[in-house]
Amino acid sequence: MSEYKMVFIGGAGNMAGAVIGGLVASGYPADNIVATGRDEQKLRDFVARTGVRGSTDNLTAIRNADVIVLSVKPQVMKELCETIAADVSARKPLIITLAAGIPLAAYQRWLGAGVPIIRAMPNTPALVGTGVTGLYAGDGVTSEHKSVATQMADAVGIALWVDEESGIDQVIAVSGSGPAYYFQFMESMIDAAEKAGMNRTDAARLTLQTALGAAKLAVASDIDVAQLKRNVMSPNGTTERAIKRFQDGGLPELVEQAMSDCAARAAEMAKELDN
């Protein structure tokens, strides 16, 4: 993969910037990466920080690129694709899109038939190297293309390929939006501890460290999380009482409903953006 010339359109943004930083840190040649952006000062700062090349001209940047990563807001994606369509449809480089909600059918209309396209759905923990990226390959994507996308995802966390495009909606419901679920739970724990008399700084410190420790323990263990939960509980003890309150309050069902709503909204957005 190190021989591929890669262009990240919108590369100085948070998510693309995290991916670029992960690639460079893992040994990918910085000189083979070009990041584009409209904000010249932000782009200069990013180039100085990462060692990659920068450009404010997308058309010039993508010339001879093997891989083009699209990392702009969904609302401006159509305009961007139509701007680069002539070059892309003629050469057919690999396109990897980091934008949420836009189906492959839309990219195929905007860029032309036969262009290999991969949808990638990273989540925000990619910013600190612990992300999850859901991936779906369109027609014409080769095993070598998939290897490129996997290496990109692995540079900022882990990769998960789905067999159907609708699987991206499920990835969004679990890992794409998932960090916000945990932030909500952390916020509720911090608020509850403060109401019980703990100062908010200490409450936040204990809550965040506990969340970090629980996640690390679950990742490092080959024990199912349900058993890890039971390992913390003693019969008729403090933890059991708290867990029973969660269960009696319908937490498992609420989580299921929330994730179902999230996936449904992702599907709705795909239809809206496709139109």
# chains A, B, ... in the order shown; residues from 1 in each chain; ligands from 1
>>> closest_atom_pairs(of="stretch 65-110 of chain A", to="stretch 139-145 of chain A", cutoff="10 Å", atoms="only C-alpha atoms", output="CSV")
residue,atom,partner,partner_atom,distance
A:Val67,CA,A:His145,CA,9.0
A:Lys92,CA,A:Gly140,CA,9.9
A:Pro93,CA,A:His145,CA,9.8
A:Leu94,CA,A:His145,CA,6.9
A:Ile95,CA,A:His145,CA,9.4
A:Ile96,CA,A:His145,CA,9.6
A:Leu104,CA,A:Asp139,CA,9.5
>>> write_last_selection(atoms="N, CA and C atoms", output="CSV table (one decimal), in the first residue's frame")
chain,number,residue,atom,x,y,z
A,67,VAL,N,-5.7,6.6,-4.9
A,67,VAL,CA,-6.8,6.5,-4.0
A,67,VAL,C,-7.3,7.9,-3.6
A,92,LYS,N,-10.7,6.0,-13.1
A,92,LYS,CA,-11.3,5.1,-12.1
A,92,LYS,C,-10.3,4.7,-11.0
A,93,PRO,N,-9.9,5.7,-10.3
A,93,PRO,CA,-9.1,5.4,-9.0
A,93,PRO,C,-10.1,4.9,-8.0
A,94,LEU,N,-9.5,4.3,-6.9
A,94,LEU,CA,-10.4,3.9,-5.8
A,94,LEU,C,-10.9,5.1,-5.1
A,95,ILE,N,-12.2,5.1,-4.8
A,95,ILE,CA,-12.8,6.2,-4.0
A,95,ILE,C,-13.2,5.6,-2.7
A,96,ILE,N,-12.8,6.3,-1.6
A,96,ILE,CA,-13.3,5.9,-0.3
A,96,ILE,C,-14.0,7.1,0.3
A,104,LEU,N,-24.2,4.3,-2.1
A,104,LEU,CA,-23.4,4.1,-3.3
A,104,LEU,C,-24.0,4.6,-4.6
>>> residues_around(residues="A:Met269", least_positions_apart="6", cutoff="9 Å", atoms="only C-alpha atoms", output="PDB file with N, CA, C and O atoms, in the first residue's frame")
ATOM      1  N   ALA A 100     -21.221  10.247   6.079  1.00  0.00           N
ATOM      2  CA  ALA A 100     -22.327   9.409   6.539  1.00  0.00           C
ATOM      3  C   ALA A 100     -23.572   9.646   5.684  1.00  0.00           C
ATOM      4  O   ALA A 100     -23.817  10.748   5.199  1.00  0.00           O
ATOM      5  N   GLY A 101     -24.338   8.570   5.491  1.00  0.00           N
ATOM      6  CA  GLY A 101     -25.680   8.726   4.959  1.00  0.00           C
ATOM      7  C   GLY A 101     -25.856   8.671   3.456  1.00  0.00           C
ATOM      8  O   GLY A 101     -26.974   8.487   2.989  1.00  0.00           O
ATOM      9  N   ILE A 102     -24.793   8.825   2.679  1.00  0.00           N
ATOM     10  CA  ILE A 102     -24.952   8.866   1.229  1.00  0.00           C
ATOM     11  C   ILE A 102     -24.749   7.466   0.652  1.00  0.00           C
ATOM     12  O   ILE A 102     -23.680   6.875   0.822  1.00  0.00           O
TER      13      ILE A 102
END
>>> residues_around(residues="A:Val69", least_positions_apart="6", cutoff="8 Å", atoms="only C-alpha atoms", output="MDAnalysis selection string")
chainID A and resid 6:9 95:98
>>> write_last_selection(atoms="C-alpha atoms", output="mmCIF file, in the first residue's frame")
data_model
loop_
_atom_site.group_PDB
_atom_site.id
_atom_site.type_symbol
_atom_site.label_atom_id
_atom_site.label_comp_id
_atom_site.auth_asym_id
_atom_site.auth_seq_id
_atom_site.Cartn_x
_atom_site.Cartn_y
_atom_site.Cartn_z
ATOM 1 C CA MET A 6 -3.459 9.027 -1.750
ATOM 2 C CA VAL A 7 -5.426 12.269 -1.760
ATOM 3 C CA PHE A 8 -7.701 13.240 1.127
ATOM 4 C CA ILE A 9 -10.171 15.884 -0.006
ATOM 5 C CA ILE A 95 -12.822 6.194 -4.044
ATOM 6 C CA ILE A 96 -13.267 5.902 -0.276
ATOM 7 C CA THR A 97 -15.967 8.081 1.230
ATOM 8 C CA LEU A 98 -16.043 8.975 4.922
#
>>> residues_around(residues="A:Cys262", least_positions_apart="6", cutoff="8 Å", atoms="only C-alpha atoms", output="number ranges by chain")
A: 172-173, 177
>>> write_last_selection(atoms="all heavy atoms", output="PDB file, in the first residue's frame")
ATOM      1  N   ILE A 172     -23.635   2.190  12.199  1.00  0.00           N
ATOM      2  CA  ILE A 172     -23.909   3.520  12.749  1.00  0.00           C
ATOM      3  C   ILE A 172     -24.615   3.404  14.093  1.00  0.00           C
ATOM      4  O   ILE A 172     -24.269   4.098  15.057  1.00  0.00           O
ATOM      5  CB  ILE A 172     -24.754   4.351  11.768  1.00  0.00           C
ATOM      6  CG1 ILE A 172     -23.933   4.711  10.519  1.00  0.00           C
ATOM      7  CG2 ILE A 172     -25.273   5.633  12.433  1.00  0.00           C
ATOM      8  CD1 ILE A 172     -24.735   5.355   9.408  1.00  0.00           C
ATOM      9  N   ALA A 173     -25.593   2.491  14.178  1.00  0.00           N
ATOM     10  CA  ALA A 173     -26.366   2.338  15.416  1.00  0.00           C
ATOM     11  C   ALA A 173     -25.523   1.821  16.566  1.00  0.00           C
ATOM     12  O   ALA A 173     -25.774   2.154  17.735  1.00  0.00           O
ATOM     13  CB  ALA A 173     -27.557   1.409  15.180  1.00  0.00           C
ATOM     14  N   SER A 177     -22.778   5.993  16.289  1.00  0.00           N
ATOM     15  CA  SER A 177     -23.428   6.832  17.298  1.00  0.00           C
ATOM     16  C   SER A 177     -23.124   6.377  18.718  1.00  0.00           C
ATOM     17  O   SER A 177     -23.379   7.110  19.674  1.00  0.00           O
ATOM     18  CB  SER A 177     -24.954   6.821  17.082  1.00  0.00           C
ATOM     19  OG  SER A 177     -25.295   7.349  15.820  1.00  0.00           O
TER      20      SER A 177
END
>>> residues_around(residues="stretch 155-162 of chain A", least_positions_apart="3", cutoff="12 Å", atoms="only C-alpha atoms", output="PyMOL selection string")
chain A and resi 15-28+118-138+146-152+165-172+174-175
>>> atom_distance(atom1="atom CA of A:Trp110", atom2="atom CA of A:Glu268")
20.1 Å
>>> atom_distance(atom1="atom CA of A:Pro116", atom2="atom CA of A:Asn14")
24.9 Å
>>> select_by_dssp(residues="stretch 47-227 of chain A", states="strand (DSSP E or B)", output="PyMOL selection string")
chain A and resi 53-55+67-70+94-97+117-122+131-137+157-161
>>> residues_around(residues="A:Ala211", least_positions_apart="4", cutoff="9 Å", atoms="only C-alpha atoms", output="ChimeraX atom specification")
/A:182,186,206-207,215-216
>>> write_last_selection(atoms="N, CA, C and O atoms", output="mmCIF file, in the first residue's frame")
data_model
loop_
_atom_site.group_PDB
_atom_site.id
_atom_site.type_symbol
_atom_site.label_atom_id
_atom_site.label_comp_id
_atom_site.auth_asym_id
_atom_site.auth_seq_id
_atom_site.Cartn_x
_atom_site.Cartn_y
_atom_site.Cartn_z
ATOM 1 N N TYR A 182 -22.472 6.228 25.431
ATOM 2 C CA TYR A 182 -21.614 6.124 26.615
ATOM 3 C C TYR A 182 -21.422 7.484 27.272
ATOM 4 O O TYR A 182 -21.388 7.585 28.504
ATOM 5 N N MET A 186 -22.209 8.360 31.081
ATOM 6 C CA MET A 186 -21.223 9.019 31.938
ATOM 7 C C MET A 186 -21.790 10.295 32.540
ATOM 8 O O MET A 186 -21.611 10.579 33.731
ATOM 9 N N LEU A 206 -13.699 9.992 38.592
ATOM 10 C CA LEU A 206 -14.005 8.599 38.916
ATOM 11 C C LEU A 206 -14.818 7.935 37.803
ATOM 12 O O LEU A 206 -14.556 6.785 37.438
ATOM 13 N N THR A 207 -15.783 8.653 37.257
ATOM 14 C CA THR A 207 -16.643 8.087 36.216
ATOM 15 C C THR A 207 -15.851 7.755 34.964
ATOM 16 O O THR A 207 -15.967 6.651 34.407
ATOM 17 N N ALA A 215 -13.833 -0.730 29.901
ATOM 18 C CA ALA A 215 -13.648 -1.002 28.476
ATOM 19 C C ALA A 215 -12.355 -1.787 28.232
ATOM 20 O O ALA A 215 -12.335 -2.755 27.471
ATOM 21 N N LYS A 216 -11.279 -1.368 28.887
ATOM 22 C CA LYS A 216 -10.000 -2.076 28.727
ATOM 23 C C LYS A 216 -10.105 -3.519 29.219
ATOM 24 O O LYS A 216 -9.575 -4.442 28.587
#
>>> select_by_dssp(residues="stretch 62-111 of chain A", states="helix (DSSP H, G or I)", output="list in words")
Ile62, Pro74, Gln75, Val76, Met77, Lys78, Glu79, Leu80, Cys81, Glu82, Thr83, Ile84, Ala85, Ala86, Asp87, Val88, Ser89, Ala90, Arg91, Leu104, Ala105, Ala106, Tyr107, Gln108, Arg109, Trp110 and Leu111 of chain A
>>> closest_residue(among="A:Asp274, A:Ala226, A:Ala258, A:Gln209", to="A:Ala180", atoms="only C-alpha atoms")
A:Ala258
>>> atom_distance(atom1="atom CA of A:Ala61", atom2="atom CA of A:Val34")
6.9 Å
